[in-house]
file upload-v9.txt (compact mmCIF, C-alpha atoms and all ligand atoms)
# COMPACT_ATOMS: atom_id res chain seq x y z
CA MET A 1 104.23 27.36 5.77
CA SER A 2 104.95 26.93 2.11
CA SER A 3 102.69 28.81 -0.24
CA ARG A 4 102.37 26.31 -3.04
CA GLY A 5 98.59 26.47 -2.61
CA ALA A 6 95.85 23.85 -2.58
CA SER A 7 95.04 22.41 -5.96
CA ALA A 8 92.94 19.79 -7.65
CA GLY A 9 93.32 18.35 -11.11
CA TYR A 10 95.10 15.80 -13.23
CA PHE A 11 98.81 15.71 -12.60
CA PRO A 12 101.47 13.13 -11.79
CA VAL A 13 102.55 12.58 -8.19
CA PRO A 14 105.10 10.20 -6.67
CA PRO A 15 103.41 6.77 -6.39
CA ASP A 16 103.99 6.42 -2.65
CA ALA A 17 102.43 9.85 -1.97
CA GLY A 18 99.32 8.90 -3.94
CA GLY A 19 98.93 5.51 -2.26
CA ARG A 20 99.41 6.96 1.25
CA ALA A 21 96.87 9.70 0.70
CA GLY A 22 94.09 7.12 0.45
CA ARG A 23 94.41 6.10 4.06
CA ARG A 24 94.56 9.64 5.42
CA TRP A 25 91.66 10.87 3.29
CA TRP A 26 89.34 8.02 4.23
CA ASP A 27 90.34 8.30 7.90
CA SER A 28 89.40 11.94 8.05
CA HIS A 29 86.34 11.80 5.78
CA ALA A 30 84.66 8.67 7.15
CA THR A 31 81.93 10.54 9.04
CA GLU A 32 81.19 12.94 6.20
CA TYR A 33 81.13 10.13 3.60
CA LEU A 34 78.74 7.99 5.62
CA ALA A 35 76.49 10.96 6.45
CA GLU A 36 76.10 11.49 2.71
CA HIS A 37 75.90 7.91 1.44
CA GLY A 38 75.23 5.70 4.47
CA ASP A 39 71.44 5.58 4.07
CA PHE A 40 71.67 4.65 0.39
CA LEU A 41 74.24 1.93 1.11
CA GLY A 42 72.23 0.58 4.03
CA PRO A 43 74.00 -0.60 7.21
CA THR A 44 73.43 -4.30 6.45
CA ASP A 45 73.03 -4.21 2.68
CA PHE A 46 75.36 -5.12 -0.17
CA CYS A 47 75.32 -2.35 -2.77
CA TRP A 48 77.81 -2.64 -5.62
CA CYS A 49 77.63 0.86 -7.06
CA PRO A 50 75.83 4.22 -7.39
CA GLU A 51 73.45 2.53 -9.85
CA GLY A 52 72.12 0.69 -6.78
CA LEU A 53 72.79 -2.86 -7.97
CA ARG A 54 72.45 -5.15 -4.96
CA GLU A 55 74.25 -8.48 -4.59
CA ALA A 56 70.89 -10.01 -3.62
CA GLU A 57 69.76 -9.54 -7.24
CA ALA A 58 73.13 -9.73 -9.04
CA GLY A 59 74.58 -12.87 -7.43
CA LEU A 60 78.07 -12.03 -8.70
CA LEU A 61 79.78 -13.80 -5.82
CA GLY A 62 77.92 -17.08 -6.39
CA PRO A 63 76.72 -19.07 -3.38
CA VAL A 64 78.09 -17.54 -0.17
CA ALA A 65 76.62 -19.62 2.69
CA ASP A 66 79.34 -21.51 4.54
CA ARG A 67 82.02 -19.91 2.34
CA ASP A 68 85.09 -18.05 3.60
CA VAL A 69 84.72 -14.54 2.21
CA LEU A 70 87.13 -11.59 2.29
CA GLU A 71 86.12 -8.00 1.67
CA VAL A 72 88.95 -5.57 0.89
CA GLY A 73 88.51 -1.81 1.02
CA ALA A 74 85.36 -2.60 3.01
CA GLY A 75 84.72 0.89 4.38
CA ALA A 76 82.14 0.52 7.16
CA ALA A 77 81.65 -3.13 6.13
CA GLN A 78 78.02 -2.89 5.05
CA CYS A 79 78.51 -5.59 2.40
CA SER A 80 80.19 -7.90 4.90
CA ARG A 81 77.31 -7.42 7.31
CA TRP A 82 74.87 -8.51 4.60
CA LEU A 83 77.06 -11.54 3.86
CA ARG A 84 77.08 -12.44 7.53
CA GLN A 85 73.31 -12.54 7.38
CA GLN A 86 73.59 -14.94 4.41
CA GLU A 87 75.69 -17.24 6.63
CA ALA A 88 79.02 -16.55 5.01
CA ARG A 89 82.14 -16.60 7.19
CA VAL A 90 83.28 -13.11 6.32
CA VAL A 91 86.22 -10.88 7.25
CA ALA A 92 86.16 -7.17 6.38
CA THR A 93 89.42 -5.29 5.81
CA ASP A 94 90.21 -1.66 5.11
CA VAL A 95 93.33 0.50 5.25
CA ALA A 96 91.53 3.33 7.07
CA GLY A 97 90.90 2.92 10.80
CA GLY A 98 88.31 5.73 10.59
CA MET A 99 86.14 3.69 8.21
CA LEU A 100 86.44 0.56 10.35
CA ALA A 101 85.55 2.57 13.47
CA ALA A 102 82.40 3.70 11.66
CA GLY A 103 81.79 0.05 10.92
CA ARG A 104 81.96 -0.76 14.64
CA VAL A 105 79.24 1.82 15.26
CA LEU A 106 77.06 0.11 12.62
CA ASP A 107 77.80 -3.25 14.24
CA ALA A 108 76.44 -1.92 17.53
CA GLN A 109 73.43 -0.24 15.92
CA THR A 110 72.41 -3.27 13.86
CA GLY A 111 73.47 -6.09 16.15
CA VAL A 112 75.18 -7.71 13.15
CA THR A 113 78.89 -7.80 13.87
CA VAL A 114 81.69 -8.72 11.48
CA PRO A 115 85.37 -9.38 12.17
CA MET A 116 87.39 -6.42 10.89
CA VAL A 117 91.10 -6.16 10.21
CA GLN A 118 92.95 -2.98 9.32
CA ALA A 119 95.02 -3.81 6.26
CA ASP A 120 96.23 -2.39 3.00
CA ALA A 121 94.78 -4.48 0.17
CA ARG A 122 98.29 -4.63 -1.32
CA THR A 123 99.69 -6.55 1.66
CA LEU A 124 96.98 -8.75 3.13
CA PRO A 125 97.76 -10.35 6.50
CA PHE A 126 96.29 -13.74 5.56
CA ALA A 127 97.83 -17.06 4.63
CA ALA A 128 97.71 -18.30 1.05
CA GLU A 129 94.52 -20.11 0.02
CA SER A 130 92.45 -18.91 3.01
CA PHE A 131 89.30 -17.77 1.18
CA ASP A 132 86.70 -19.01 -1.30
CA ILE A 133 85.64 -15.52 -2.37
CA ALA A 134 87.26 -12.08 -2.25
CA PHE A 135 85.66 -8.85 -3.42
CA THR A 136 85.49 -5.11 -3.18
CA ALA A 137 82.75 -2.63 -4.08
CA TYR A 138 84.76 0.44 -5.11
CA GLY A 139 87.37 -0.15 -2.39
CA ALA A 140 91.16 0.10 -2.64
CA VAL A 141 91.65 -0.40 -6.41
CA PRO A 142 90.93 3.19 -7.53
CA PHE A 143 93.12 4.69 -4.81
CA VAL A 144 96.49 3.04 -5.43
CA PRO A 145 98.99 3.52 -8.25
CA ASP A 146 99.85 -0.19 -8.24
CA ALA A 147 96.51 -2.05 -8.36
CA GLU A 148 98.28 -5.08 -9.82
CA ARG A 149 99.47 -5.76 -6.27
CA ILE A 150 95.87 -5.94 -5.05
CA HIS A 151 94.95 -8.49 -7.72
CA ALA A 152 98.08 -10.52 -6.91
CA GLU A 153 97.13 -10.54 -3.22
CA ALA A 154 93.56 -11.55 -4.01
CA ALA A 155 94.88 -14.42 -6.14
CA ARG A 156 97.26 -15.49 -3.38
CA VAL A 157 94.67 -15.66 -0.59
CA LEU A 158 92.04 -17.40 -2.75
CA ARG A 159 91.76 -21.15 -2.94
CA PRO A 160 91.85 -22.64 -6.45
CA GLY A 161 88.46 -22.02 -8.04
CA GLY A 162 87.84 -19.02 -5.78
CA ARG A 163 86.32 -15.78 -7.11
CA TRP A 164 87.75 -12.26 -7.06
CA VAL A 165 85.13 -9.67 -7.94
CA PHE A 166 85.78 -5.93 -7.94
CA ALA A 167 83.76 -2.85 -8.87
CA VAL A 168 85.36 0.37 -10.08
CA THR A 169 84.30 3.56 -11.81
CA HIS A 170 83.70 2.62 -15.42
CA PRO A 171 86.94 3.60 -17.19
CA THR A 172 85.10 5.50 -19.95
CA ARG A 173 84.00 8.04 -17.32
CA TRP A 174 87.56 9.31 -17.11
CA ALA A 175 87.22 10.96 -20.50
CA PHE A 176 84.33 13.12 -19.24
CA PRO A 177 84.05 15.89 -16.61
CA ASP A 178 82.97 14.44 -13.24
CA ASP A 179 79.74 16.41 -13.42
CA PRO A 180 76.27 14.89 -12.98
CA SER A 181 74.65 17.41 -15.36
CA GLU A 182 74.59 17.57 -19.17
CA ARG A 183 78.10 19.04 -18.97
CA GLY A 184 79.27 15.59 -17.93
CA LEU A 185 78.23 14.17 -21.30
CA THR A 186 80.92 15.75 -23.45
CA ALA A 187 84.34 14.11 -23.50
CA THR A 188 87.08 16.59 -22.65
CA ARG A 189 90.01 14.30 -21.92
CA SER A 190 91.62 11.34 -23.58
CA TYR A 191 90.36 7.98 -22.34
CA PHE A 192 93.96 6.82 -22.73
CA ASP A 193 95.47 9.47 -20.44
CA ARG A 194 96.38 7.65 -17.21
CA THR A 195 97.37 10.78 -15.29
CA PRO A 196 95.75 10.48 -11.83
CA TYR A 197 93.21 12.89 -10.38
CA VAL A 198 94.94 14.55 -7.44
CA GLU A 199 94.11 17.02 -4.68
CA THR A 200 96.77 18.75 -2.60
CA ASP A 201 96.68 20.93 0.49
CA ASP A 202 98.25 24.36 0.96
CA ASP A 203 101.63 22.75 1.55
CA GLY A 204 101.48 20.84 -1.71
CA ARG A 205 100.94 17.57 0.15
CA VAL A 206 98.83 15.02 -1.71
CA THR A 207 95.55 14.65 0.19
CA TYR A 208 93.59 12.58 -2.35
CA ALA A 209 94.53 10.60 -5.43
CA GLU A 210 92.47 8.45 -7.74
CA TYR A 211 93.93 6.41 -10.56
CA HIS A 212 92.56 5.69 -14.01
CA ARG A 213 92.98 2.37 -15.76
CA THR A 214 91.47 1.57 -19.10
CA LEU A 215 89.40 -1.57 -19.43
CA GLY A 216 92.39 -3.15 -21.14
CA ASP A 217 94.59 -2.23 -18.17
CA HIS A 218 92.21 -3.92 -15.74
CA VAL A 219 92.11 -7.06 -17.88
CA ALA A 220 95.91 -7.09 -18.20
CA ASP A 221 96.25 -6.68 -14.40
CA VAL A 222 93.99 -9.61 -13.52
CA VAL A 223 95.54 -11.85 -16.18
CA ALA A 224 99.02 -10.99 -14.88
CA ALA A 225 97.86 -12.09 -11.42
CA GLY A 226 97.00 -15.52 -12.86
CA LEU A 227 93.25 -14.91 -12.73
CA VAL A 228 90.67 -15.70 -15.39
CA LEU A 229 88.12 -13.04 -16.38
CA ASP A 230 84.61 -14.52 -16.44
CA ARG A 231 82.36 -11.48 -16.81
CA LEU A 232 82.44 -7.74 -17.22
CA VAL A 233 79.23 -6.34 -15.72
CA GLU A 234 78.12 -2.81 -16.66
CA PRO A 235 75.07 -2.03 -14.49
CA GLU A 236 72.47 0.09 -16.26
CA TRP A 237 70.91 3.08 -14.57
CA PRO A 238 67.51 1.84 -13.34
CA ALA A 239 64.33 3.64 -14.39
CA GLY A 240 63.08 5.88 -11.60
CA HIS A 241 66.44 5.98 -9.78
CA ASP A 242 67.03 9.69 -9.26
CA ARG A 243 69.77 9.75 -6.65
CA THR A 244 72.90 11.71 -7.58
CA TRP A 245 76.23 10.47 -6.21
CA GLY A 246 79.04 12.81 -7.20
CA GLY A 247 79.24 12.55 -10.98
CA TRP A 248 76.73 9.66 -11.14
CA SER A 249 73.20 10.71 -12.01
CA ALA A 250 70.15 9.74 -14.02
CA VAL A 251 71.19 12.22 -16.73
CA ARG A 252 74.55 10.58 -17.31
CA GLY A 253 73.36 7.07 -16.46
CA ALA A 254 70.92 7.24 -19.38
CA ARG A 255 73.82 7.62 -21.83
CA LEU A 256 77.02 6.31 -20.26
CA PRO A 257 78.07 3.34 -18.15
CA GLY A 258 79.12 4.46 -14.67
CA THR A 259 80.44 1.27 -13.11
CA ALA A 260 82.46 -1.73 -14.28
CA ILE A 261 82.40 -4.92 -12.21
CA LEU A 262 84.96 -7.55 -13.16
CA VAL A 263 84.20 -11.11 -12.13
CA THR A 264 87.30 -13.29 -12.13
CA HIS A 265 88.42 -16.61 -10.67
CA ARG A 266 91.61 -18.33 -9.73
CA PRO A 267 91.98 -21.47 -11.88
C1 LIG B 301 84.26 4.16 -1.77
S1 LIG B 301 84.79 3.31 -0.31
C2 LIG B 301 84.22 1.68 -0.67
C3 LIG B 301 83.74 0.99 0.56
C4 LIG B 301 82.26 0.60 0.57
N1 LIG B 301 81.96 -0.39 -0.43
C5 LIG B 301 81.41 1.85 0.36
O1 LIG B 301 80.80 1.98 -0.69
O2 LIG B 301 81.38 2.68 1.28
C6 LIG B 301 86.56 3.11 -0.59
C7 LIG B 301 87.30 2.40 0.55
O3 LIG B 301 88.58 1.96 0.05
C8 LIG B 301 89.48 2.06 1.13
N2 LIG B 301 90.87 2.03 0.65
C9 LIG B 301 91.55 2.98 -0.03
N3 LIG B 301 92.81 2.57 -0.29
C10 LIG B 301 92.93 1.33 0.24
C11 LIG B 301 93.98 0.37 0.29
N4 LIG B 301 95.17 0.63 -0.25
N5 LIG B 301 93.75 -0.80 0.91
C12 LIG B 301 92.55 -1.08 1.49
N6 LIG B 301 91.52 -0.21 1.47
C13 LIG B 301 91.69 0.98 0.85
C14 LIG B 301 89.09 3.36 1.81
O4 LIG B 301 89.61 3.46 3.11
C15 LIG B 301 87.58 3.28 1.74
O5 LIG B 301 87.03 2.73 2.91
call {"tool": "encode", "arguments": {"input": "upload-v9.txt", "output": "structure tokens", "more": "lines below"}}
Ligand SMILES: C[S@@+](CC[C@H](N)C(=O)[O-])C[C@H]1O[C@@H](n2cnc3c(N)ncnc32)[C@H](O)[C@@H]1O
result
Amino acid sequence: MSSRGASAGYFPVPPDAGGRAGRRWWDSHATEYLAEHGDFLGPTDFCWCPEGLREAEAGLLGPVADRDVLEVGAGAAQCSRWLRQQEARVVATDVAGGMLAAGRVLDAQTGVTVPMVQADARTLPFAAESFDIAFTAYGAVPFVPDAERIHAEAARVLRPGGRWVFAVTHPTRWAFPDDPSERGLTATRSYFDRTPYVETDDDGRVTYAEYHRTLGDHVADVVAAGLVLDRLVEPEWPAGHDRTWGGWSAVRGARLPGTAILVTHRP
């Protein structure tokens, strides 16, 4: 065994190591993640973010009934299950088999089943122009060094006029400690520092990596994919919402945006 030691912090790692870590981490943490957040997400509900914004009230995807809809980075496919109930023809995809297996359990428990395909959002196994809508609620994009490939794939599989909508941690959060208390309100890092947040094991192997992009980076990525940006949604922290999710809390939500949702379409 090497003795490089486990570590966590902001440091560069080879891009392929960071991208691969996503699959392994979500495979092995699926049960733990859903035990912590599953009730809040709801097995057949469509929650965009820790602020609790639901698609039922936000309508960011537009009409979904009778539309072909693709979810990437779907996790246990809760959003897809809600879409199925709205009569969308939906397919849920995720790179981690562990998350999809958890989704199968929810299928059985709820009686609402969705087709699921294991796939990296950077190489989707679908023909061009197969979908009317594609989206992700915090899936895939934060966990890869090359998110521009995800946007390019979304653009490819969408029909002209189709929407690509994705939610990510609001980029401003990267300048602050990921701490739900008052300590998380003082900027300690440069917003412009794109160094990823990385965790390694005792052998120095990357076990988790999350990538920062500024708002300008996200806009540049979707424009480069040939998409048009229609809206940037910054959900406010609702009064009375007191659930803490990692660094998201009422304390920080009162002062800082926590989520950015970009609504785009293929012309
Ligand atoms: C925070 S969860 C989001 C899923 C769901 N909306 C939720 O809130 O549980 C992130 C998901 O992104 C998936 N993911 C990470 N990297 C991916 C990639 N390259 N392609 C597809 N999915 C990926 C993970 O496996 C995980 O299920």
call {"tool": "residues_around", "arguments": {"input": "upload-v9.txt", "residues": "Gly216 (chain A)", "least_positions_apart": "2", "cutoff": "12 Å", "atoms": "only C-alpha atoms", "output": "list of chain:residue names"}}
result
A:His170, A:Pro171, A:Thr172, A:Tyr191, A:Phe192, A:His212, A:Arg213, A:Thr214, A:His218, A:Val219, A:Ala220, A:Asp221, A:Val222, A:Val223, A:Leu229, A:Leu232, A:Leu262
call {"tool": "closest_residue", "arguments": {"input": "upload-v9.txt", "among": "A:Gly59, A:Pro43, A:Pro160, A:Gly139", "to": "ligand LIG 301 (chain B)", "atoms": "only C-alpha atoms and all ligand atoms"}}
result
A:Gly139
call {"tool": "closest_atom_pairs", "arguments": {"input": "upload-v9.txt", "of": "chain A", "to": "ligand LIG 301 (chain B)", "cutoff": "9 Å", "atoms": "only C-alpha atoms and all ligand atoms", "output": "JSON lines"}}
result
{"residue": "A:Gly19", "atom": "CA", "partner": "B:LIG301", "partner_atom": "N4", "distance": 6.5}
{"residue": "A:Arg20", "atom": "CA", "partner": "B:LIG301", "partner_atom": "N4", "distance": 7.8}
{"residue": "A:Ala21", "atom": "CA", "partner": "B:LIG301", "partner_atom": "N3", "distance": 8.3}
{"residue": "A:Gly22", "atom": "CA", "partner": "B:LIG301", "partner_atom": "N3", "distance": 4.8}
{"residue": "A:Arg23", "atom": "CA", "partner": "B:LIG301", "partner_atom": "O4", "distance": 5.6}
{"residue": "A:Arg24", "atom": "CA", "partner": "B:LIG301", "partner_atom": "O4", "distance": 8.2}
{"residue": "A:Trp25", "atom": "CA", "partner": "B:LIG301", "partner_atom": "O4", "distance": 7.7}
{"residue": "A:Trp26", "atom": "CA", "partner": "B:LIG301", "partner_atom": "O4", "distance": 4.7}
{"residue": "A:Asp27", "atom": "CA", "partner": "B:LIG301", "partner_atom": "O4", "distance": 6.8}
{"residue": "A:Ala30", "atom": "CA", "partner": "B:LIG301", "partner_atom": "O5", "distance": 7.7}
{"residue": "A:Tyr33", "atom": "CA", "partner": "B:LIG301", "partner_atom": "O2", "distance": 7.8}
{"residue": "A:Leu34", "atom": "CA", "partner": "B:LIG301", "partner_atom": "O2", "distance": 7.3}
{"residue": "A:His37", "atom": "CA", "partner": "B:LIG301", "partner_atom": "O2", "distance": 7.6}
{"residue": "A:Gly38", "atom": "CA", "partner": "B:LIG301", "partner_atom": "O2", "distance": 7.6}
{"residue": "A:Leu41", "atom": "CA", "partner": "B:LIG301", "partner_atom": "O1", "distance": 6.8}
{"residue": "A:Phe46", "atom": "CA", "partner": "B:LIG301", "partner_atom": "N1", "distance": 8.1}
{"residue": "A:Cys47", "atom": "CA", "partner": "B:LIG301", "partner_atom": "O1", "distance": 7.3}
{"residue": "A:Trp48", "atom": "CA", "partner": "B:LIG301", "partner_atom": "N1", "distance": 7.0}
{"residue": "A:Cys49", "atom": "CA", "partner": "B:LIG301", "partner_atom": "O1", "distance": 7.2}
{"residue": "A:Pro50", "atom": "CA", "partner": "B:LIG301", "partner_atom": "O1", "distance": 8.6}
{"residue": "A:Glu71", "atom": "CA", "partner": "B:LIG301", "partner_atom": "N1", "distance": 8.9}
{"residue": "A:Val72", "atom": "CA", "partner": "B:LIG301", "partner_atom": "C12", "distance": 5.8}
{"residue": "A:Gly73", "atom": "CA", "partner": "B:LIG301", "partner_atom": "N6", "distance": 3.4}
{"residue": "A:Ala74", "atom": "CA", "partner": "B:LIG301", "partner_atom": "C3", "distance": 4.6}
{"residue": "A:Gly75", "atom": "CA", "partner": "B:LIG301", "partner_atom": "O5", "distance": 3.3}
{"residue": "A:Ala76", "atom": "CA", "partner": "B:LIG301", "partner_atom": "O2", "distance": 6.3}
{"residue": "A:Ala77", "atom": "CA", "partner": "B:LIG301", "partner_atom": "C4", "distance": 6.7}
{"residue": "A:Gln78", "atom": "CA", "partner": "B:LIG301", "partner_atom": "C4", "distance": 7.1}
{"residue": "A:Cys79", "atom": "CA", "partner": "B:LIG301", "partner_atom": "N1", "distance": 6.9}
{"residue": "A:Thr93", "atom": "CA", "partner": "B:LIG301", "partner_atom": "C12", "distance": 6.8}
{"residue": "A:Asp94", "atom": "CA", "partner": "B:LIG301", "partner_atom": "N6", "distance": 4.1}
{"residue": "A:Val95", "atom": "CA", "partner": "B:LIG301", "partner_atom": "C12", "distance": 4.2}
{"residue": "A:Ala96", "atom": "CA", "partner": "B:LIG301", "partner_atom": "O4", "distance": 4.4}
{"residue": "A:Gly97", "atom": "CA", "partner": "B:LIG301", "partner_atom": "O4", "distance": 7.8}
{"residue": "A:Gly98", "atom": "CA", "partner": "B:LIG301", "partner_atom": "O4", "distance": 7.9}
{"residue": "A:Met99", "atom": "CA", "partner": "B:LIG301", "partner_atom": "O5", "distance": 5.5}
{"residue": "A:Leu100", "atom": "CA", "partner": "B:LIG301", "partner_atom": "O5", "distance": 7.8}
{"residue": "A:Gln118", "atom": "CA", "partner": "B:LIG301", "partner_atom": "C12", "distance": 8.1}
{"residue": "A:Ala119", "atom": "CA", "partner": "B:LIG301", "partner_atom": "C12", "distance": 6.0}
{"residue": "A:Asp120", "atom": "CA", "partner": "B:LIG301", "partner_atom": "N5", "distance": 3.6}
{"residue": "A:Ala121", "atom": "CA", "partner": "B:LIG301", "partner_atom": "N5", "distance": 3.9}
{"residue": "A:Arg122", "atom": "CA", "partner": "B:LIG301", "partner_atom": "N4", "distance": 6.2}
{"residue": "A:Thr123", "atom": "CA", "partner": "B:LIG301", "partner_atom": "N5", "distance": 8.3}
{"residue": "A:Leu124", "atom": "CA", "partner": "B:LIG301", "partner_atom": "N5", "distance": 8.9}
{"residue": "A:Thr136", "atom": "CA", "partner": "B:LIG301", "partner_atom": "N1", "distance": 6.5}
{"residue": "A:Ala137", "atom": "CA", "partner": "B:LIG301", "partner_atom": "N1", "distance": 4.4}
{"residue": "A:Tyr138", "atom": "CA", "partner": "B:LIG301", "partner_atom": "C2", "distance": 4.6}
{"residue": "A:Gly139", "atom": "CA", "partner": "B:LIG301", "partner_atom": "O3", "distance": 3.4}
{"residue": "A:Ala140", "atom": "CA", "partner": "B:LIG301", "partner_atom": "C10", "distance": 3.6}
{"residue": "A:Val141", "atom": "CA", "partner": "B:LIG301", "partner_atom": "N3", "distance": 6.9}
{"residue": "A:Pro142", "atom": "CA", "partner": "B:LIG301", "partner_atom": "N3", "distance": 7.5}
{"residue": "A:Phe143", "atom": "CA", "partner": "B:LIG301", "partner_atom": "N3", "distance": 5.0}
{"residue": "A:Val144", "atom": "CA", "partner": "B:LIG301", "partner_atom": "N4", "distance": 5.9}
{"residue": "A:Ala147", "atom": "CA", "partner": "B:LIG301", "partner_atom": "N4", "distance": 8.6}
{"residue": "A:Ile150", "atom": "CA", "partner": "B:LIG301", "partner_atom": "N5", "distance": 8.2}
{"residue": "A:Ala167", "atom": "CA", "partner": "B:LIG301", "partner_atom": "N1", "distance": 9.0}
call {"tool": "residues_near_point", "arguments": {"input": "upload-v9.txt", "point": "(67.0, 8.7, -3.7)", "cutoff": "12 Å", "atoms": "all atoms listed in the file", "output": "list in words"}}
result
Glu36, His37, Gly38, Asp39, Phe40, Leu41, Pro50, Glu51, Gly52, Pro238, Gly240, His241, Asp242, Arg243, Thr244, Trp245, Ser249 and Ala250 of chain A
call {"tool": "closest_residue", "arguments": {"input": "upload-v9.txt", "among": "A:Arg156, A:Arg81, A:Arg266, A:Arg252", "to": "Asp178 (chain A)", "atoms": "all atoms listed in the file"}}
result
A:Arg252
call {"tool": "closest_residue", "arguments": {"input": "upload-v9.txt", "among": "A:Pro177, A:Pro235, A:Gly9, A:Pro145", "to": "Glu55 (chain A)", "atoms": "all atoms listed in the file"}}
result
A:Pro235
call {"tool": "closest_residue", "arguments": {"input": "upload-v9.txt", "among": "A:Glu148, A:Arg183, A:Gly162, A:Val64", "to": "Asp217 (chain A)", "atoms": "all atoms listed in the file"}}
result
A:Glu148
call {"tool": "closest_residue", "arguments": {"input": "upload-v9.txt", "among": "A:Thr44, A:Ser80, A:Ser130, A:Gln85", "to": "Pro115 (chain A)", "atoms": "only C-alpha atoms"}}
result
A:Ser80
call {"tool": "atom_distance", "arguments": {"input": "upload-v9.txt", "atom1": "CA of Val251 (chain A)", "atom2": "CA of Pro180 (chain A)"}}
result
6.9 Å
call {"tool": "atom_distance", "arguments": {"input": "upload-v9.txt", "atom1": "CA of Asp230 (chain A)", "atom2": "CA of Val114 (chain A)"}}
result
28.7 Å
call {"tool": "closest_residue", "arguments": {"input": "upload-v9.txt", "among": "A:Arg104, A:Gln109, A:Ala225, A:Phe131", "to": "Val90 (chain A)", "atoms": "only C-alpha atoms"}}
result
A:Phe131
call {"tool": "axis_aligned_box", "arguments": {"input": "upload-v9.txt", "around": "region 206-220 of chain A", "padding_each_side": "8 Å", "output": "AutoDock Vina command-line options"}}
result
--center_x 94.1 --center_y 4.0 --center_z -10.5 --size_x 25.4 --size_y 38.1 --size_z 37.3
call {"tool": "atom_distance", "arguments": {"input": "upload-v9.txt", "atom1": "CA of Ala65 (chain A)", "atom2": "CA of Val91 (chain A)"}}
result
13.8 Å
call {"tool": "residues_around", "arguments": {"input": "upload-v9.txt", "residues": "Ala88 (chain A)", "least_positions_apart": "3", "cutoff": "7 Å", "atoms": "only C-alpha atoms", "output": "list in words"}}
result
Val64, Ala65, Asp66, Arg67, Asp68, Val69, Leu83 and Arg84 of chain A
call {"tool": "residues_around", "arguments": {"input": "upload-v9.txt", "residues": "Arg163 (chain A)", "least_positions_apart": "6", "cutoff": "7 Å", "atoms": "all atoms listed in the file", "output": "PyMOL selection string"}}
result
chain A and resi 61+132-134+264-266
call {"tool": "residues_around", "arguments": {"input": "upload-v9.txt", "residues": "region 194-205 of chain A", "least_positions_apart": "4", "cutoff": "9 Å", "atoms": "all atoms listed in the file", "output": "PDB file with C-alpha atoms, keeping the file's coordinate frame"}}
result
ATOM      1  CA  MET A   1     104.230  27.360   5.770  1.00  0.00           C
ATOM      2  CA  SER A   2     104.950  26.930   2.110  1.00  0.00           C
ATOM      3  CA  SER A   3     102.690  28.810  -0.240  1.00  0.00           C
ATOM      4  CA  ARG A   4     102.370  26.310  -3.040  1.00  0.00           C
ATOM      5  CA  GLY A   5      98.590  26.470  -2.610  1.00  0.00           C
ATOM      6  CA  ALA A   6      95.850  23.850  -2.580  1.00  0.00           C
ATOM      7  CA  SER A   7      95.040  22.410  -5.960  1.00  0.00           C
ATOM      8  CA  ALA A   8      92.940  19.790  -7.650  1.00  0.00           C
ATOM      9  CA  GLY A   9      93.320  18.350 -11.110  1.00  0.00           C
ATOM     10  CA  TYR A  10      95.100  15.800 -13.230  1.00  0.00           C
ATOM     11  CA  PHE A  11      98.810  15.710 -12.600  1.00  0.00           C
ATOM     12  CA  PRO A  12     101.470  13.130 -11.790  1.00  0.00           C
ATOM     13  CA  VAL A  13     102.550  12.580  -8.190  1.00  0.00           C
ATOM     14  CA  ALA A  17     102.430   9.850  -1.970  1.00  0.00           C
ATOM     15  CA  GLY A  18      99.320   8.900  -3.940  1.00  0.00           C
ATOM     16  CA  ALA A  21      96.870   9.700   0.700  1.00  0.00           C
ATOM     17  CA  PRO A 145      98.990   3.520  -8.250  1.00  0.00           C
ATOM     18  CA  TRP A 174      87.560   9.310 -17.110  1.00  0.00           C
ATOM     19  CA  SER A 190      91.620  11.340 -23.580  1.00  0.00           C
ATOM     20  CA  ALA A 209      94.530  10.600  -5.430  1.00  0.00           C
ATOM     21  CA  GLU A 210      92.470   8.450  -7.740  1.00  0.00           C
ATOM     22  CA  TYR A 211      93.930   6.410 -10.560  1.00  0.00           C
ATOM     23  CA  HIS A 212      92.560   5.690 -14.010  1.00  0.00           C
ATOM     24  CA  ARG A 213      92.980   2.370 -15.760  1.00  0.00           C
ATOM     25  CA  THR A 214      91.470   1.570 -19.100  1.00  0.00           C
TER      26      THR A 214
END
call {"tool": "decode", "arguments": {"input": "upload-v9.txt", "residues": "region 130-151 of chain A", "atoms": "C-alpha atoms", "output": "mmCIF file, in the first residue's frame"}}
result
data_model
loop_
_atom_site.group_PDB
_atom_site.id
_atom_site.type_symbol
_atom_site.label_atom_id
_atom_site.label_comp_id
_atom_site.auth_asym_id
_atom_site.auth_seq_id
_atom_site.Cartn_x
_atom_site.Cartn_y
_atom_site.Cartn_z
ATOM 1 C CA SER A 130 -34.700 11.492 -30.848
ATOM 2 C CA PHE A 131 -36.079 13.759 -28.101
ATOM 3 C CA ASP A 132 -38.206 16.871 -27.626
ATOM 4 C CA ILE A 133 -36.803 17.647 -24.179
ATOM 5 C CA ALA A 134 -33.613 16.720 -22.321
ATOM 6 C CA PHE A 135 -32.754 17.746 -18.775
ATOM 7 C CA THR A 136 -30.839 17.039 -15.625
ATOM 8 C CA ALA A 137 -31.368 18.138 -12.032
ATOM 9 C CA TYR A 138 -27.802 18.294 -10.706
ATOM 10 C CA GLY A 139 -26.757 15.201 -12.677
ATOM 11 C CA ALA A 140 -23.576 14.613 -14.681
ATOM 12 C CA VAL A 141 -22.530 18.228 -15.407
ATOM 13 C CA PRO A 142 -20.782 18.970 -12.078
ATOM 14 C CA PHE A 143 -18.896 15.676 -12.106
ATOM 15 C CA VAL A 144 -17.026 15.801 -15.407
ATOM 16 C CA PRO A 145 -14.083 17.941 -16.503
ATOM 17 C CA ASP A 146 -15.503 18.268 -20.015
ATOM 18 C CA ALA A 147 -19.149 19.326 -19.598
ATOM 19 C CA GLU A 148 -19.102 20.797 -23.096
ATOM 20 C CA ARG A 149 -19.434 17.197 -24.311
ATOM 21 C CA ILE A 150 -22.677 16.792 -22.350
ATOM 22 C CA HIS A 151 -24.168 19.921 -23.923
#
